[in-house]
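Raw entry_5.cif, mmCIF, C-alpha atoms and all ligand atoms:
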data_coords
loop_
_atom_site.group_PDB
_atom_site.id
_atom_site.type_symbol
_atom_site.label_atom_id
_atom_site.label_comp_id
_atom_site.auth_asym_id
_atom_site.auth_seq_id
_atom_site.Cartn_x
_atom_site.Cartn_y
_atom_site.Cartn_z
ATOM 1 C CA MET A 1 25.914 116.401 114.815
ATOM 2 C CA SER A 2 24.926 115.210 111.366
ATOM 3 C CA ARG A 3 27.372 117.761 109.943
ATOM 4 C CA GLY A 4 30.105 116.284 112.077
ATOM 5 C CA LEU A 5 29.164 112.802 110.987
ATOM 6 C CA ALA A 6 29.122 113.836 107.338
ATOM 7 C CA ALA A 7 32.557 115.400 107.741
ATOM 8 C CA ALA A 8 33.850 112.243 109.364
ATOM 9 C CA VAL A 9 32.452 110.141 106.543
ATOM 10 C CA LEU A 10 34.062 112.441 103.992
ATOM 11 C CA LEU A 11 37.388 112.222 105.813
ATOM 12 C CA LEU A 12 37.201 108.451 105.889
ATOM 13 C CA ALA A 13 36.212 108.295 102.241
ATOM 14 C CA SER A 14 39.019 110.589 101.192
ATOM 15 C CA CYS A 15 41.494 108.661 103.266
ATOM 16 C CA THR A 16 40.576 105.247 101.933
ATOM 17 C CA PRO A 17 42.692 105.167 98.752
ATOM 18 C CA GLY A 18 45.797 106.343 100.571
ATOM 19 C CA ALA A 19 45.076 104.058 103.481
ATOM 20 C CA VAL A 20 45.600 100.910 101.464
ATOM 21 C CA SER A 21 48.637 99.525 103.233
ATOM 22 C CA ALA A 22 50.358 96.264 102.713
ATOM 23 C CA PRO A 23 49.828 93.574 105.330
ATOM 24 C CA ALA A 24 52.599 92.807 107.791
ATOM 25 C CA GLY A 25 54.211 90.254 105.481
ATOM 26 C CA SER A 26 57.171 91.854 103.751
ATOM 27 C CA SER A 27 56.544 90.185 100.421
ATOM 28 C CA THR A 28 53.884 92.628 99.285
ATOM 29 C CA GLN A 29 56.031 95.623 100.277
ATOM 30 C CA ALA A 30 59.050 94.631 98.242
ATOM 31 C CA THR A 31 60.235 96.795 95.375
ATOM 32 C CA VAL A 32 59.872 94.664 92.269
ATOM 33 C CA ILE A 33 62.681 94.504 89.725
ATOM 34 C CA ASP A 34 61.386 93.183 86.424
ATOM 35 C CA VAL A 35 63.582 90.527 84.817
ATOM 36 C CA ASN A 36 63.223 90.421 81.053
ATOM 37 C CA LEU A 37 66.058 90.267 78.550
ATOM 38 C CA THR A 38 63.601 90.520 75.656
ATOM 39 C CA LEU A 39 62.071 93.815 76.838
ATOM 40 C CA HIS A 40 64.836 95.761 78.550
ATOM 41 C CA ALA A 41 67.398 96.913 76.003
ATOM 42 C CA PRO A 42 70.907 97.932 77.094
ATOM 43 C CA VAL A 43 71.329 101.371 78.663
ATOM 44 C CA THR A 44 74.411 103.195 79.913
ATOM 45 C CA THR A 45 74.794 103.572 83.682
ATOM 46 C CA SER A 46 77.621 104.765 85.901
ATOM 47 C CA ALA A 47 78.649 101.131 86.467
ATOM 48 C CA GLY A 48 78.701 100.320 82.757
ATOM 49 C CA THR A 49 76.165 98.953 80.299
ATOM 50 C CA SER A 50 73.064 97.421 81.876
ATOM 51 C CA GLY A 51 70.195 95.502 80.382
ATOM 52 C CA GLY A 52 67.630 92.825 81.041
ATOM 53 C CA TYR A 53 66.351 94.296 84.306
ATOM 54 C CA ALA A 54 64.034 97.242 84.939
ATOM 55 C CA PRO A 55 64.763 99.574 86.426
ATOM 56 C CA ALA A 56 68.406 99.353 85.348
ATOM 57 C CA VAL A 57 69.266 101.203 88.553
ATOM 58 C CA THR A 58 66.928 100.549 91.470
ATOM 59 C CA ASN A 59 66.983 103.107 94.273
ATOM 60 C CA VAL A 60 65.776 101.732 97.601
ATOM 61 C CA SER A 61 65.851 102.629 101.284
ATOM 62 C CA VAL A 62 67.659 100.646 103.947
ATOM 63 C CA GLY A 63 65.099 98.407 105.635
ATOM 64 C CA ALA A 64 63.160 97.816 102.429
ATOM 65 C CA TYR A 65 63.097 94.632 100.357
ATOM 66 C CA VAL A 66 63.546 93.921 96.690
ATOM 67 C CA ARG A 67 62.156 91.009 94.748
ATOM 68 C CA PHE A 68 62.922 89.877 91.212
ATOM 69 C CA VAL A 69 60.038 88.827 88.967
ATOM 70 C CA ASN A 70 60.820 87.059 85.708
ATOM 71 C CA SER A 71 58.336 88.282 83.094
ATOM 72 C CA ASP A 72 60.374 86.700 80.306
ATOM 73 C CA SER A 73 59.609 83.392 78.590
ATOM 74 C CA PHE A 74 62.856 81.736 79.673
ATOM 75 C CA ALA A 75 65.032 81.422 82.787
ATOM 76 C CA HIS A 76 67.329 84.047 84.331
ATOM 77 C CA THR A 77 69.150 84.688 87.566
ATOM 78 C CA ALA A 78 69.932 87.874 89.465
ATOM 79 C CA THR A 79 73.226 87.313 91.253
ATOM 80 C CA LEU A 80 75.358 89.714 93.285
ATOM 81 C CA ILE A 81 78.820 90.640 92.008
ATOM 82 C CA PRO A 82 80.469 91.084 95.432
ATOM 83 C CA GLY A 83 82.502 94.245 95.884
ATOM 84 C CA ALA A 84 82.184 95.456 92.300
ATOM 85 C CA ALA A 85 81.908 99.178 91.528
ATOM 86 C CA ILE A 86 81.813 98.658 87.758
ATOM 87 C CA PHE A 87 80.709 95.623 85.790
ATOM 88 C CA PRO A 88 83.582 93.220 85.120
ATOM 89 C CA SER A 89 84.047 92.590 81.399
ATOM 90 C CA ALA A 90 83.882 88.800 81.785
ATOM 91 C CA SER A 91 81.233 86.879 83.666
ATOM 92 C CA PRO A 92 82.060 86.750 87.385
ATOM 93 C CA PHE A 93 79.641 83.896 88.110
ATOM 94 C CA SER A 94 80.021 80.222 88.894
ATOM 95 C CA ALA A 95 77.353 77.549 88.697
ATOM 96 C CA ALA A 96 76.548 78.351 92.346
ATOM 97 C CA ALA A 97 74.491 81.245 90.926
ATOM 98 C CA LEU A 98 71.912 78.695 89.780
ATOM 99 C CA THR A 99 70.963 77.872 93.366
ATOM 100 C CA GLN A 100 69.079 80.352 95.518
ATOM 101 C CA SER A 101 71.266 81.808 98.260
ATOM 102 C CA GLY A 102 71.454 84.831 100.521
ATOM 103 C CA THR A 103 68.828 87.030 102.138
ATOM 104 C CA VAL A 104 70.540 90.436 102.496
ATOM 105 C CA VAL A 105 71.829 92.679 99.732
ATOM 106 C CA SER A 106 75.290 93.296 101.222
ATOM 107 C CA GLN A 107 76.274 89.624 101.434
ATOM 108 C CA PRO A 108 76.534 87.198 98.504
ATOM 109 C CA TRP A 109 73.097 86.322 97.126
ATOM 110 C CA SER A 110 71.500 84.832 94.077
ATOM 111 C CA THR A 111 67.903 84.320 93.084
ATOM 112 C CA GLY A 112 68.910 80.983 91.630
ATOM 113 C CA ALA A 113 67.459 80.024 88.263
ATOM 114 C CA LEU A 114 64.204 81.952 88.033
ATOM 115 C CA GLN A 115 61.908 80.215 85.567
ATOM 116 C CA ALA A 116 59.518 82.122 83.322
ATOM 117 C CA GLY A 117 56.908 83.829 85.490
ATOM 118 C CA ALA A 118 58.680 83.095 88.770
ATOM 119 C CA SER A 119 59.299 85.495 91.672
ATOM 120 C CA SER A 120 62.442 85.446 93.784
ATOM 121 C CA SER A 121 62.697 85.424 97.539
ATOM 122 C CA ALA A 122 62.743 88.883 99.098
ATOM 123 C CA ILE A 123 66.192 90.396 99.636
ATOM 124 C CA LEU A 124 66.573 92.778 102.571
ATOM 125 C CA ILE A 125 68.359 96.057 101.946
ATOM 126 C CA ASP A 126 70.473 95.861 105.100
ATOM 127 C CA ARG A 127 72.859 98.751 104.565
ATOM 128 C CA PRO A 128 73.569 101.725 102.278
ATOM 129 C CA GLY A 129 75.724 101.155 99.239
ATOM 130 C CA THR A 130 75.821 100.288 95.558
ATOM 131 C CA PHE A 131 75.327 96.649 94.661
ATOM 132 C CA LEU A 132 75.869 95.270 91.165
ATOM 133 C CA TYR A 133 74.305 92.052 89.990
ATOM 134 C CA GLY A 134 73.810 90.118 86.794
ATOM 135 C CA CYS A 135 72.413 87.024 85.148
ATOM 136 C CA PHE A 136 74.385 83.790 85.142
ATOM 137 C CA TYR A 137 73.104 82.854 81.676
ATOM 138 C CA HIS A 138 73.234 86.200 79.906
ATOM 139 C CA TYR A 139 75.877 88.305 81.641
ATOM 140 C CA GLY A 140 77.506 89.046 78.285
ATOM 141 C CA ALA A 141 74.201 90.094 76.648
ATOM 142 C CA PRO A 142 74.654 92.310 78.730
ATOM 143 C CA MET A 143 72.203 91.326 81.459
ATOM 144 C CA ARG A 144 73.293 93.434 84.429
ATOM 145 C CA GLY A 145 71.742 95.771 86.961
ATOM 146 C CA THR A 146 72.405 97.960 89.981
ATOM 147 C CA ILE A 147 70.744 98.448 93.362
ATOM 148 C CA VAL A 148 71.540 101.721 95.122
ATOM 149 C CA ALA A 149 70.594 101.634 98.802
ATOM 150 C CA HIS A 150 70.162 104.903 100.686
HETATM 151 CU CU CU B 1 69.300 86.009 81.858
#
Written form, structure tokens:
Amino acid sequence: MSRGLAAAVLLLASCTPGAVSAPAGSSTQATVIDVNLTLHAPVTTSAGTSGGYAPAVTNVSVGAYVRFVNSDSFAHTATLIPGAAIFPSASPFSAAALTQSGTVVSQPWSTGALQAGASSSAILIDRPGTFLYGCFYHYGAPMRGTIVAH
């Protein structure tokens, strides 16, 4: 009996690190995309040159959430470029990008102006596809990124 108990304790102990699961709230389960024009230099992607977000291409599963966290010392947005397969050469954004909108990746959304240190609302990955986004202020930097939903 004590052997069984010891085995059970070992099992529990070995399970504990892997058993750390996020609470029901979706916020802690979101994939974080780091927003930082200072840190994330331009890289080449299949949609064109990306920069300012890490990862440059975020792979996520349908049903998951993403959240943008601004680790930079000044403001940015992350704003969907609806229907785009490659990054347009000129900024596709209007001032509407500065106001938070949208909750699902496949419909128009913007984090709004994310101040230094701020986190965006969670965005639900509601269907498979490739979704391009960029920053209202620094699109030409370039500050652009891609979400690929599987
Ligand atoms: Cu920016």
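Closest approach to Leu124 (chain A) among A:Gly52, A:Gly83, A:Pro92, A:Gly102: A:Gly102, based on only C-alpha atoms.
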Given the PyMOL selection byres (((chain A and resi 126) around 9) and not hetatm), the residues it picks as an mmCIF file with C-alpha atoms, in the frame of the given file:
data_model
loop_
_atom_site.group_PDB
_atom_site.id
_atom_site.type_symbol
_atom_site.label_atom_id
_atom_site.label_comp_id
_atom_site.auth_asym_id
_atom_site.auth_seq_id
_atom_site.Cartn_x
_atom_site.Cartn_y
_atom_site.Cartn_z
ATOM 1 C CA VAL A 62 67.659 100.646 103.947
ATOM 2 C CA GLY A 63 65.099 98.407 105.635
ATOM 3 C CA ALA A 64 63.160 97.816 102.429
ATOM 4 C CA TYR A 65 63.097 94.632 100.357
ATOM 5 C CA VAL A 104 70.540 90.436 102.496
ATOM 6 C CA VAL A 105 71.829 92.679 99.732
ATOM 7 C CA SER A 106 75.290 93.296 101.222
ATOM 8 C CA ILE A 123 66.192 90.396 99.636
ATOM 9 C CA LEU A 124 66.573 92.778 102.571
ATOM 10 C CA ILE A 125 68.359 96.057 101.946
ATOM 11 C CA ARG A 127 72.859 98.751 104.565
ATOM 12 C CA PRO A 128 73.569 101.725 102.278
ATOM 13 C CA ALA A 149 70.594 101.634 98.802
#
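Applied to this file, the PyMOL selection byres (((not hetatm)) within 8 of (chain B and resi 1)) selects A:Val35, A:Asn36, A:Leu37, A:Gly52, A:Ala75, A:His76, A:Thr77, A:Ala78, A:Gly134, A:Cys135, A:Phe136, A:Tyr137, A:His138, A:Tyr139, A:Met143.
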Please expand the PyMOL selection byres (((chain A and resi 46) around 10) and not hetatm) into the concrete residues it hits in this file, giving the result as a PyMOL selection string. chain A and resi 44-45+47-50+57+85-87+146
Could you list, as JSON, numbers by chain, every residue within 9 Å of Leu80 (chain A), counting all atoms listed in the file and ignoring same-chain residues fewer than 3 positions away? {"A": [83, 84, 93, 97, 105, 106, 107, 108, 109, 110, 131, 132, 133, 134]}
My list of candidates is A:Thr99, A:Ser89, A:Ser71, A:Ser94. Which is closest to Gly112 (chain A) when distances are computed with all atoms listed in the file? A:Thr99
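Checking A:Val32, A:Gly51, A:Ala141, A:Thr130 one by one against Val69 (chain A), counting all atoms listed in the file, you find the shortest gap at A:Val32.
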